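Peer 1: Just input-v7.pdb, nothing more (PDB, C-alpha atoms, pLDDT in the B column):
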ATOM      1  CA  MET A  62      27.623   6.485   8.606  1.00 84.00           C
ATOM      2  CA  ALA A  63      24.573   5.626   6.515  1.00 95.00           C
ATOM      3  CA  ARG A  64      21.864   3.532   8.143  1.00 98.00           C
ATOM      4  CA  LEU A  65      21.087  -0.059   7.192  1.00 98.00           C
ATOM      5  CA  GLY A  66      17.555  -1.360   6.833  1.00 98.00           C
ATOM      6  CA  VAL A  67      17.324  -5.135   6.437  1.00 98.00           C
ATOM      7  CA  ASN A  68      14.476  -6.566   4.405  1.00 98.00           C
ATOM      8  CA  ILE A  69      13.357  -9.866   5.954  1.00 98.00           C
ATOM      9  CA  ASP A  70      10.838 -10.818   3.239  1.00 96.00           C
ATOM     10  CA  HIS A  71      13.091 -13.643   2.044  1.00 96.00           C
ATOM     11  CA  VAL A  72      12.938 -15.343   5.424  1.00 98.00           C
ATOM     12  CA  ALA A  73       9.162 -15.410   5.068  1.00 97.00           C
ATOM     13  CA  THR A  74       9.514 -16.674   1.485  1.00 96.00           C
ATOM     14  CA  LEU A  75      11.438 -19.697   2.764  1.00 96.00           C
ATOM     15  CA  ARG A  76       8.792 -20.323   5.403  1.00 97.00           C
ATOM     16  CA  GLN A  77       5.945 -20.104   2.904  1.00 96.00           C
ATOM     17  CA  ALA A  78       7.694 -22.572   0.576  1.00 95.00           C
ATOM     18  CA  ARG A  79       6.735 -25.382   2.971  1.00 93.00           C
ATOM     19  CA  GLY A  80       3.652 -23.777   4.465  1.00 92.00           C
ATOM     20  CA  GLY A  81       4.925 -24.224   7.995  1.00 94.00           C
ATOM     21  CA  THR A  82       6.209 -21.932  10.712  1.00 96.00           C
ATOM     22  CA  ASP A  83       9.979 -22.056  10.125  1.00 96.00           C
ATOM     23  CA  PRO A  84      12.038 -20.044   9.628  1.00 97.00           C
ATOM     24  CA  ASP A  85      10.218 -17.393  11.608  1.00 97.00           C
ATOM     25  CA  PRO A  86      10.732 -13.840  10.291  1.00 98.00           C
ATOM     26  CA  LEU A  87      10.094 -12.561  13.809  1.00 98.00           C
ATOM     27  CA  ALA A  88      13.120 -14.448  15.100  1.00 98.00           C
ATOM     28  CA  ALA A  89      15.088 -13.079  12.162  1.00 98.00           C
ATOM     29  CA  ALA A  90      13.985  -9.563  13.068  1.00 98.00           C
ATOM     30  CA  VAL A  91      15.329  -9.938  16.596  1.00 98.00           C
ATOM     31  CA  LEU A  92      18.700 -11.185  15.335  1.00 98.00           C
ATOM     32  CA  VAL A  93      18.921  -8.445  12.702  1.00 98.00           C
ATOM     33  CA  GLU A  94      18.404  -5.753  15.306  1.00 98.00           C
ATOM     34  CA  LEU A  95      20.827  -7.365  17.765  1.00 98.00           C
ATOM     35  CA  ALA A  96      23.438  -7.414  14.984  1.00 98.00           C
ATOM     36  CA  GLY A  97      23.209  -3.646  14.662  1.00 98.00           C
ATOM     37  CA  ALA A  98      20.767  -3.023  11.816  1.00 98.00           C
ATOM     38  CA  ASP A  99      19.059   0.346  12.020  1.00 98.00           C
ATOM     39  CA  GLY A 100      15.699  -0.864  10.821  1.00 98.00           C
ATOM     40  CA  LEU A 101      13.488  -3.633   9.495  1.00 98.00           C
ATOM     41  CA  VAL A 102      11.882  -3.608   6.059  1.00 98.00           C
ATOM     42  CA  VAL A 103       8.926  -5.761   5.041  1.00 98.00           C
ATOM     43  CA  HIS A 104       6.753  -5.738   1.928  1.00 97.00           C
ATOM     44  CA  LEU A 105       3.150  -6.725   2.549  1.00 97.00           C
ATOM     45  CA  ARG A 106       2.097  -7.761  -0.926  1.00 95.00           C
ATOM     46  CA  GLU A 107      -1.463  -7.933  -2.160  1.00 92.00           C
ATOM     47  CA  ASP A 108      -1.106 -11.698  -2.767  1.00 93.00           C
ATOM     48  CA  ARG A 109       0.598 -12.261   0.626  1.00 94.00           C
ATOM     49  CA  ARG A 110       3.279 -14.394  -0.997  1.00 93.00           C
ATOM     50  CA  HIS A 111       5.698 -13.985   1.900  1.00 96.00           C
ATOM     51  CA  ILE A 112       5.004 -11.555   4.770  1.00 98.00           C
ATOM     52  CA  GLN A 113       1.581 -12.148   6.320  1.00 98.00           C
ATOM     53  CA  ASP A 114      -0.688  -9.751   8.212  1.00 98.00           C
ATOM     54  CA  ARG A 115       0.091 -11.544  11.473  1.00 97.00           C
ATOM     55  CA  ASP A 116       3.818 -11.035  10.876  1.00 98.00           C
ATOM     56  CA  LEU A 117       3.280  -7.324  10.430  1.00 98.00           C
ATOM     57  CA  HIS A 118       1.238  -6.954  13.618  1.00 98.00           C
ATOM     58  CA  LEU A 119       3.832  -8.833  15.675  1.00 98.00           C
ATOM     59  CA  LEU A 120       6.765  -7.007  14.092  1.00 98.00           C
ATOM     60  CA  ARG A 121       5.191  -3.727  15.106  1.00 98.00           C
ATOM     61  CA  GLU A 122       5.066  -4.973  18.693  1.00 97.00           C
ATOM     62  CA  ILE A 123       8.617  -6.318  18.927  1.00 97.00           C
ATOM     63  CA  SER A 124      10.599  -3.917  16.754  1.00 97.00           C
ATOM     64  CA  ARG A 125      13.081  -1.801  18.695  1.00 97.00           C
ATOM     65  CA  THR A 126      14.425   0.099  15.694  1.00 98.00           C
ATOM     66  CA  LYS A 127      12.512   1.414  12.664  1.00 98.00           C
ATOM     67  CA  LEU A 128       9.791  -0.517  10.876  1.00 98.00           C
ATOM     68  CA  ASP A 129       9.550   0.366   7.179  1.00 98.00           C
ATOM     69  CA  LEU A 130       6.444  -1.045   5.502  1.00 98.00           C
ATOM     70  CA  GLU A 131       6.668  -1.396   1.740  1.00 98.00           C
ATOM     71  CA  MET A 132       3.285  -1.527   0.050  1.00 97.00           C
ATOM     72  CA  ALA A 133       1.380  -0.714  -3.116  1.00 96.00           C
ATOM     73  CA  ALA A 134      -0.141   2.748  -3.451  1.00 96.00           C
ATOM     74  CA  ASP A 135      -3.576   1.343  -2.718  1.00 94.00           C
ATOM     75  CA  VAL A 136      -6.428   2.465  -0.456  1.00 96.00           C
ATOM     76  CA  ASP A 137      -6.872  -0.955   1.181  1.00 96.00           C
ATOM     77  CA  MET A 138      -3.163  -1.171   1.954  1.00 97.00           C
ATOM     78  CA  ALA A 139      -3.231   2.362   3.341  1.00 98.00           C
ATOM     79  CA  LYS A 140      -5.952   1.281   5.788  1.00 98.00           C
ATOM     80  CA  ILE A 141      -3.677  -1.514   7.038  1.00 98.00           C
ATOM     81  CA  ALA A 142      -0.799   0.933   7.443  1.00 98.00           C
ATOM     82  CA  LEU A 143      -2.976   3.350   9.420  1.00 98.00           C
ATOM     83  CA  ASN A 144      -3.850   0.501  11.769  1.00 98.00           C
ATOM     84  CA  ILE A 145      -0.287  -0.792  12.172  1.00 98.00           C
ATOM     85  CA  LYS A 146       1.418   2.623  12.322  1.00 98.00           C
ATOM     86  CA  PRO A 147       4.852   1.720  10.920  1.00 98.00           C
ATOM     87  CA  ASP A 148       7.603   4.288  11.316  1.00 98.00           C
ATOM     88  CA  LEU A 149       7.708   4.743   7.546  1.00 98.00           C
ATOM     89  CA  VAL A 150       5.652   3.605   4.570  1.00 98.00           C
ATOM     90  CA  THR A 151       7.481   3.130   1.276  1.00 98.00           C
ATOM     91  CA  LEU A 152       5.145   3.107  -1.699  1.00 98.00           C
ATOM     92  CA  VAL A 153       6.276   0.692  -4.395  1.00 96.00           C
ATOM     93  CA  PRO A 154       4.884  -0.540  -7.720  1.00 94.00           C
ATOM     94  CA  GLU A 155       3.521  -4.056  -7.563  1.00 85.00           C
ATOM     95  CA  LYS A 156       2.733  -6.717 -10.165  1.00 67.00           C
ATOM     96  CA  ARG A 157       1.395 -10.156  -9.274  1.00 62.00           C
ATOM     97  CA  GLN A 158       3.621 -12.013 -11.741  1.00 61.00           C
ATOM     98  CA  GLU A 159       6.929 -10.339 -10.851  1.00 52.00           C
ATOM     99  CA  LEU A 160       9.568 -12.164  -8.809  1.00 54.00           C
ATOM    100  CA  THR A 161      10.662  -8.911  -7.182  1.00 57.00           C
ATOM    101  CA  THR A 162       9.936  -5.230  -7.674  1.00 58.00           C
ATOM    102  CA  GLU A 163      10.994  -4.470 -11.229  1.00 66.00           C
ATOM    103  CA  GLY A 164      11.256  -0.690 -11.231  1.00 82.00           C
ATOM    104  CA  GLY A 165      10.276   2.527  -9.554  1.00 93.00           C
ATOM    105  CA  LEU A 166       6.899   4.204  -9.269  1.00 96.00           C
ATOM    106  CA  ASP A 167       5.875   6.397 -12.174  1.00 95.00           C
ATOM    107  CA  ILE A 168       5.069   9.431 -10.074  1.00 97.00           C
ATOM    108  CA  VAL A 169       4.947  11.686 -13.127  1.00 97.00           C
ATOM    109  CA  GLY A 170       2.345   9.532 -14.857  1.00 96.00           C
ATOM    110  CA  GLU A 171       0.308   8.554 -11.782  1.00 95.00           C
ATOM    111  CA  ARG A 172       0.657  11.670  -9.698  1.00 96.00           C
ATOM    112  CA  GLU A 173      -3.024  12.080  -8.745  1.00 96.00           C
ATOM    113  CA  ARG A 174      -3.427   8.485  -7.544  1.00 95.00           C
ATOM    114  CA  ILE A 175      -0.181   8.472  -5.576  1.00 97.00           C
ATOM    115  CA  GLN A 176      -0.851  11.931  -4.145  1.00 97.00           C
ATOM    116  CA  HIS A 177      -4.124  10.657  -2.647  1.00 97.00           C
ATOM    117  CA  ILE A 178      -2.400   7.788  -0.818  1.00 98.00           C
ATOM    118  CA  VAL A 179       0.411  10.075   0.371  1.00 98.00           C
ATOM    119  CA  ASN A 180      -2.169  12.471   1.810  1.00 98.00           C
ATOM    120  CA  VAL A 181      -4.064   9.670   3.566  1.00 98.00           C
ATOM    121  CA  LEU A 182      -0.897   8.337   5.206  1.00 98.00           C
ATOM    122  CA  ARG A 183       0.596  11.683   6.173  1.00 98.00           C
ATOM    123  CA  ASN A 184      -2.719  12.849   7.611  1.00 98.00           C
ATOM    124  CA  GLY A 185      -2.574   9.676   9.706  1.00 98.00           C
ATOM    125  CA  GLY A 186       0.836  10.671  11.063  1.00 98.00           C
ATOM    126  CA  ILE A 187       2.912   8.271   8.972  1.00 98.00           C
ATOM    127  CA  PRO A 188       5.952   9.573   7.041  1.00 98.00           C
ATOM    128  CA  VAL A 189       5.966   8.499   3.398  1.00 98.00           C
ATOM    129  CA  CYS A 190       8.715   7.419   1.035  1.00 98.00           C
ATOM    130  CA  VAL A 191       8.315   6.683  -2.668  1.00 98.00           C
ATOM    131  CA  PHE A 192      10.422   4.075  -4.437  1.00 98.00           C
ATOM    132  CA  THR A 193      11.434   5.590  -7.749  1.00 97.00           C
ATOM    133  CA  ASP A 194      14.016   5.353 -10.492  1.00 97.00           C
ATOM    134  CA  PRO A 195      16.938   7.814 -10.317  1.00 98.00           C
ATOM    135  CA  ASP A 196      15.265  10.101 -12.828  1.00 97.00           C
ATOM    136  CA  LEU A 197      15.270  13.851 -12.203  1.00 98.00           C
ATOM    137  CA  ASN A 198      11.712  14.302 -13.430  1.00 98.00           C
ATOM    138  CA  GLN A 199      10.505  11.653 -10.982  1.00 98.00           C
ATOM    139  CA  ILE A 200      12.367  13.375  -8.143  1.00 98.00           C
ATOM    140  CA  LYS A 201      10.717  16.693  -9.015  1.00 98.00           C
ATOM    141  CA  ALA A 202       7.330  14.976  -9.086  1.00 98.00           C
ATOM    142  CA  ALA A 203       8.045  13.401  -5.684  1.00 98.00           C
ATOM    143  CA  HIS A 204       8.743  16.874  -4.319  1.00 98.00           C
ATOM    144  CA  LYS A 205       5.414  18.140  -5.662  1.00 98.00           C
ATOM    145  CA  ILE A 206       3.451  15.471  -3.819  1.00 98.00           C
ATOM    146  CA  ALA A 207       5.269  16.348  -0.576  1.00 97.00           C
ATOM    147  CA  VAL A 208       6.841  13.025   0.366  1.00 98.00           C
ATOM    148  CA  ASP A 209       9.324  12.791   3.208  1.00 98.00           C
ATOM    149  CA  PHE A 210      11.769  10.422   1.487  1.00 98.00           C
ATOM    150  CA  VAL A 211      12.594   8.923  -1.856  1.00 98.00           C
ATOM    151  CA  GLU A 212      14.171   5.500  -2.151  1.00 98.00           C
ATOM    152  CA  LEU A 213      16.267   5.413  -5.290  1.00 98.00           C
ATOM    153  CA  HIS A 214      15.919   2.213  -7.288  1.00 98.00           C
ATOM    154  CA  THR A 215      19.476   0.892  -7.687  1.00 98.00           C
ATOM    155  CA  GLY A 216      18.601  -2.154  -9.782  1.00 96.00           C
ATOM    156  CA  ARG A 217      20.164  -1.007 -13.047  1.00 96.00           C
ATOM    157  CA  TYR A 218      23.378  -0.063 -11.244  1.00 98.00           C
ATOM    158  CA  ALA A 219      23.458  -3.386  -9.385  1.00 97.00           C
ATOM    159  CA  ASN A 220      22.809  -5.417 -12.540  1.00 95.00           C
ATOM    160  CA  ALA A 221      25.264  -3.576 -14.785  1.00 96.00           C
ATOM    161  CA  THR A 222      27.677  -5.995 -16.479  1.00 93.00           C
ATOM    162  CA  ARG A 223      30.048  -3.428 -17.965  1.00 95.00           C
ATOM    163  CA  SER A 224      32.004  -0.749 -16.131  1.00 95.00           C
ATOM    164  CA  LYS A 225      30.757   1.995 -18.457  1.00 96.00           C
ATOM    165  CA  GLU A 226      27.163   1.002 -17.774  1.00 97.00           C
ATOM    166  CA  ALA A 227      27.823   0.956 -14.033  1.00 97.00           C
ATOM    167  CA  ASP A 228      29.410   4.415 -14.279  1.00 98.00           C
ATOM    168  CA  THR A 229      26.365   5.786 -16.081  1.00 98.00           C
ATOM    169  CA  GLU A 230      23.959   4.368 -13.528  1.00 98.00           C
ATOM    170  CA  PHE A 231      26.108   5.554 -10.628  1.00 98.00           C
ATOM    171  CA  GLU A 232      26.051   9.076 -12.043  1.00 98.00           C
ATOM    172  CA  ALA A 233      22.265   8.948 -12.408  1.00 98.00           C
ATOM    173  CA  ILE A 234      21.885   7.872  -8.768  1.00 98.00           C
ATOM    174  CA  SER A 235      24.272  10.589  -7.630  1.00 98.00           C
ATOM    175  CA  LEU A 236      22.458  13.345  -9.529  1.00 98.00           C
ATOM    176  CA  ALA A 237      19.040  12.158  -8.313  1.00 98.00           C
ATOM    177  CA  ALA A 238      20.271  12.042  -4.720  1.00 98.00           C
ATOM    178  CA  LYS A 239      21.700  15.546  -4.961  1.00 98.00           C
ATOM    179  CA  LEU A 240      18.474  16.956  -6.391  1.00 98.00           C
ATOM    180  CA  ALA A 241      16.319  15.255  -3.758  1.00 98.00           C
ATOM    181  CA  TYR A 242      18.562  16.582  -0.991  1.00 98.00           C
ATOM    182  CA  LYS A 243      18.426  20.075  -2.492  1.00 98.00           C
ATOM    183  CA  LEU A 244      14.612  19.884  -2.496  1.00 98.00           C
ATOM    184  CA  GLY A 245      14.575  18.870   1.168  1.00 98.00           C
ATOM    185  CA  ILE A 246      13.712  15.209   0.634  1.00 98.00           C
ATOM    186  CA  GLY A 247      15.512  12.450   2.565  1.00 98.00           C
ATOM    187  CA  VAL A 248      17.311   9.942   0.352  1.00 98.00           C
ATOM    188  CA  ASN A 249      17.313   6.155   0.757  1.00 98.00           C
ATOM    189  CA  ALA A 250      18.523   3.601  -1.784  1.00 98.00           C
ATOM    190  CA  GLY A 251      17.931  -0.045  -2.481  1.00 98.00           C
ATOM    191  CA  HIS A 252      17.370  -2.986  -4.819  1.00 96.00           C
ATOM    192  CA  GLY A 253      19.968  -5.506  -5.922  1.00 96.00           C
ATOM    193  CA  LEU A 254      22.668  -4.163  -3.607  1.00 98.00           C
ATOM    194  CA  ASN A 255      25.194  -6.661  -2.292  1.00 98.00           C
ATOM    195  CA  TYR A 256      28.590  -6.991  -0.639  1.00 98.00           C
ATOM    196  CA  ARG A 257      30.399  -6.248  -3.909  1.00 97.00           C
ATOM    197  CA  ASN A 258      28.581  -3.220  -5.264  1.00 97.00           C
ATOM    198  CA  ILE A 259      27.515  -1.309  -2.141  1.00 98.00           C
ATOM    199  CA  LYS A 260      30.819   0.359  -1.276  1.00 97.00           C
ATOM    200  CA  ARG A 261      30.873   2.674  -4.287  1.00 97.00           C
ATOM    201  CA  LEU A 262      27.473   4.101  -3.411  1.00 98.00           C
ATOM    202  CA  THR A 263      28.686   5.095   0.041  1.00 97.00           C
ATOM    203  CA  HIS A 264      30.586   7.900  -1.707  1.00 97.00           C
ATOM    204  CA  ILE A 265      27.239   9.607  -2.359  1.00 98.00           C
ATOM    205  CA  PRO A 266      26.820  11.522   0.924  1.00 97.00           C
ATOM    206  CA  GLU A 267      23.171  12.428   0.326  1.00 98.00           C
ATOM    207  CA  ILE A 268      22.085   8.792   0.728  1.00 98.00           C
ATOM    208  CA  VAL A 269      21.231   8.319   4.392  1.00 98.00           C
ATOM    209  CA  GLU A 270      19.943   4.733   4.338  1.00 98.00           C
ATOM    210  CA  TYR A 271      20.387   1.543   2.332  1.00 98.00           C
ATOM    211  CA  ASN A 272      17.654  -1.078   2.338  1.00 98.00           C
ATOM    212  CA  ILE A 273      19.042  -4.516   1.543  1.00 98.00           C
ATOM    213  CA  GLY A 274      17.432  -7.924   1.726  1.00 97.00           C
ATOM    214  CA  HIS A 275      18.286 -10.780  -0.608  1.00 97.00           C
ATOM    215  CA  SER A 276      22.076 -10.536  -0.459  1.00 98.00           C
ATOM    216  CA  ILE A 277      22.093 -10.421   3.350  1.00 98.00           C
ATOM    217  CA  ILE A 278      19.723 -13.373   3.715  1.00 98.00           C
ATOM    218  CA  ALA A 279      21.690 -15.318   1.082  1.00 97.00           C
ATOM    219  CA  ARG A 280      24.941 -14.594   2.940  1.00 98.00           C
ATOM    220  CA  ALA A 281      23.274 -15.612   6.193  1.00 98.00           C
ATOM    221  CA  VAL A 282      22.746 -19.139   4.841  1.00 96.00           C
ATOM    222  CA  LEU A 283      26.530 -19.496   4.829  1.00 98.00           C
ATOM    223  CA  VAL A 284      27.749 -17.427   7.787  1.00 98.00           C
ATOM    224  CA  GLY A 285      24.683 -16.812   9.950  1.00 98.00           C
ATOM    225  CA  LEU A 286      22.345 -13.833  10.086  1.00 98.00           C
ATOM    226  CA  VAL A 287      24.170 -11.851  12.753  1.00 98.00           C
ATOM    227  CA  GLN A 288      27.495 -12.144  10.919  1.00 98.00           C
ATOM    228  CA  ALA A 289      25.893 -11.265   7.576  1.00 98.00           C
ATOM    229  CA  VAL A 290      24.379  -8.066   8.992  1.00 98.00           C
ATOM    230  CA  LYS A 291      27.614  -7.083  10.717  1.00 98.00           C
ATOM    231  CA  GLU A 292      29.584  -7.538   7.500  1.00 98.00           C
ATOM    232  CA  MET A 293      27.213  -5.254   5.625  1.00 98.00           C
ATOM    233  CA  LYS A 294      27.325  -2.655   8.385  1.00 98.00           C
ATOM    234  CA  THR A 295      31.109  -2.663   8.135  1.00 97.00           C
ATOM    235  CA  LEU A 296      30.920  -1.893   4.422  1.00 97.00           C
ATOM    236  CA  LEU A 297      28.728   1.129   5.135  1.00 96.00           C
ATOM    237  CA  ASP A 298      31.267   2.565   7.572  1.00 88.00           C
TER     238      ASP A 298
END
Take the structure in the file and give it back as structure tokens.

Peer 2:
Amino acid sequence: MARLGVNIDHVATLRQARGGTDPDPLAAAVLVELAGADGLVVHLREDRRHIQDRDLHLLREISRTKLDLEMAADVDMAKIALNIKPDLVTLVPEKRQELTTEGGLDIVGERERIQHIVNVLRNGGIPVCVFTDPDLNQIKAAHKIAVDFVELHTGRYANATRSKEADTEFEAISLAAKLAYKLGIGVNAGHGLNYRNIKRLTHIPEIVEYNIGHSIIARAVLVGLVQAVKEMKTLLD
């Protein structure tokens, strides 16, 4: 069964909306792990719009599963990662004005810059994943910079409104996953996945982990966080 990483950024977003202390993403992390999630995912953004540095330090202390730190491919962020020592760093593109991550890293076009950050992190003993579109050229570029994992951006598949479009995007994800696996790279997937569209992707055996946030937190508003995580885990079975 594929692993489930739960992104708890949206809990922090709700907290930051009022500038208080509730809801606490640390409490959410405990519940997520008790519900059977295989890991926690947090994105420490440059503008600190949701997860804060204090959250990250405390999550590192309390996490009993895997802590996946999403961050920009930036030297200052790499220094934070080397201090925190997450179990995995996922490098993602980042724009201040975006609501959420809009696409994958352009490894082909920014290979030298990304390679430097990958080297810094791996030399510090931290495995590295790159968040990239399901494009074969990007997968080949990821292999050249010696990353441990790729996380395939599933946004276009998740947002497809026509079955033909969904089929095309599913095929692209499948081919990218197969190539990454062939090249010895671990394969994760995420972005826009929910309780309706996740099941089809489980037929791609090369994907070993799904990282899901918004749909689980949104479901948790209605049924509770533990139940929401358990329902998603069931779909991955």

Peer 1: Pick out the closest residue to Ala142 (chain A) from this set: A:Asp167, A:Glu122, A:Glu267, A:Asp114. Count only C-alpha atoms.

Peer 2: A:Asp114

Peer 1: Residue by residue, what does the PyMOL selection byres ((chain A and resi 231-241) around 8) grab here? Present the result as a list of chain:residue names.

Peer 2: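 Here the PyMOL selection byres ((chain A and resi 231-241) around 8) matches A:Pro195, A:Asp196, A:Leu197, A:Ile200, A:Lys201, A:His204, A:Val211, A:Leu213, A:Thr215, A:Tyr218, A:Ala227, A:Asp228, A:Thr229, A:Glu230, A:Tyr242, A:Lys243, A:Leu244, A:Gly245, A:Ile246, A:Gly247, A:Val248, A:Leu262, A:Ile265, A:Glu267, A:Ile268.
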
Peer 1: Please, what distance in Å, to one decimal, runs between CA of Ile277 (chain A) and CA of Gln199 (chain A)?

Peer 2: 28.8 Å

Peer 1: Under the rule that only C-alpha atoms are counted, which of A:Asn198, A:Ala139, A:Glu212, A:Lys225 is the nearest residue to His177 (chain A)?

Peer 2: A:Ala139

Peer 1: Which residues, written as a ChimeraX atom specification, have at least one atom at most 9 Å from Val189 (chain A), with all atoms listed in the file counted and residues fewer than 4 positions away on the same chain left out?

Peer 2: /A:149-152,179,182-183,207-211

Peer 1: Hey, can you check how far CA of Arg76 (chain A) sits from CA of Ile112 (chain A)?

Peer 2: 9.6 Å

Peer 1: Please report the interatomic distance between CA of Met132 (chain A) and CA of Ala281 (chain A) in Å with one decimal.

Peer 2: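 One can read the CA of Met132 (chain A) to CA of Ala281 (chain A) distance as 25.2 Å.
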
Peer 1: Would you write out, as a list in words, every residue that the PyMOL selection byres ((chain A and resi 278) around 10) captures in this file?

Peer 2: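 With the PyMOL selection byres ((chain A and resi 278) around 10) on this model, the match is Val67, Asn68, Ile69, Asp70, His71, Val72, Ala89, Ile273, Gly274, His275, Ser276, Ile277, Ala279, Arg280, Ala281, Val282, Leu283, Val284, Gly285, Leu286, Ala289 and Val290 of chain A.
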
Peer 1: Can you list, as a CSV table (one decimal) with C-alpha atoms, in the frame of the given file, the residues that the PyMOL selection byres ((chain A and resi 92-99) around 10) selects here?

Peer 2:
chain,number,residue,atom,x,y,z
A,63,ALA,CA,24.6,5.6,6.5
A,64,ARG,CA,21.9,3.5,8.1
A,65,LEU,CA,21.1,-0.1,7.2
A,66,GLY,CA,17.6,-1.4,6.8
A,67,VAL,CA,17.3,-5.1,6.4
A,68,ASN,CA,14.5,-6.6,4.4
A,69,ILE,CA,13.4,-9.9,6.0
A,86,PRO,CA,10.7,-13.8,10.3
A,87,LEU,CA,10.1,-12.6,13.8
A,88,ALA,CA,13.1,-14.4,15.1
A,89,ALA,CA,15.1,-13.1,12.2
A,90,ALA,CA,14.0,-9.6,13.1
A,91,VAL,CA,15.3,-9.9,16.6
A,100,GLY,CA,15.7,-0.9,10.8
A,101,LEU,CA,13.5,-3.6,9.5
A,124,SER,CA,10.6,-3.9,16.8
A,125,ARG,CA,13.1,-1.8,18.7
A,126,THR,CA,14.4,0.1,15.7
A,127,LYS,CA,12.5,1.4,12.7
A,128,LEU,CA,9.8,-0.5,10.9
A,270,GLU,CA,19.9,4.7,4.3
A,271,TYR,CA,20.4,1.5,2.3
A,272,ASN,CA,17.7,-1.1,2.3
A,285,GLY,CA,24.7,-16.8,10.0
A,286,LEU,CA,22.3,-13.8,10.1
A,287,VAL,CA,24.2,-11.9,12.8
A,288,GLN,CA,27.5,-12.1,10.9
A,289,ALA,CA,25.9,-11.3,7.6
A,290,VAL,CA,24.4,-8.1,9.0
A,291,LYS,CA,27.6,-7.1,10.7
A,292,GLU,CA,29.6,-7.5,7.5
A,293,MET,CA,27.2,-5.3,5.6
A,294,LYS,CA,27.3,-2.7,8.4

Peer 1: As JSON, what would the box around region 79-84 of chain A look like: edges along x, y and z, 6 Å added on every side, centre and edge lengths in Å to one decimal?

Peer 2:
{"center_x": 7.8, "center_y": -22.7, "center_z": 6.8, "size_x": 20.4, "size_y": 17.3, "size_z": 19.7}

Peer 1: Please provide the set of residues having any atom within 8 Å of Gln176 (chain A), restricted to all atoms listed in the file, with same-chain residues fewer than 4 positions apart removed, written as a list in words.

Peer 2: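 Skipping anything fewer than 4 positions along the chain leaves Arg172, Asn180 and Ile206 of chain A.
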
Peer 1: Quick one: everything within 7 Å of Leu166 (chain A), counting all atoms listed in the file, minus sequence neighbours fewer than 4 positions away in the same chain. Send it as a list in words.

Peer 2: Val153, Pro154, Phe192 and Thr193 of chain A
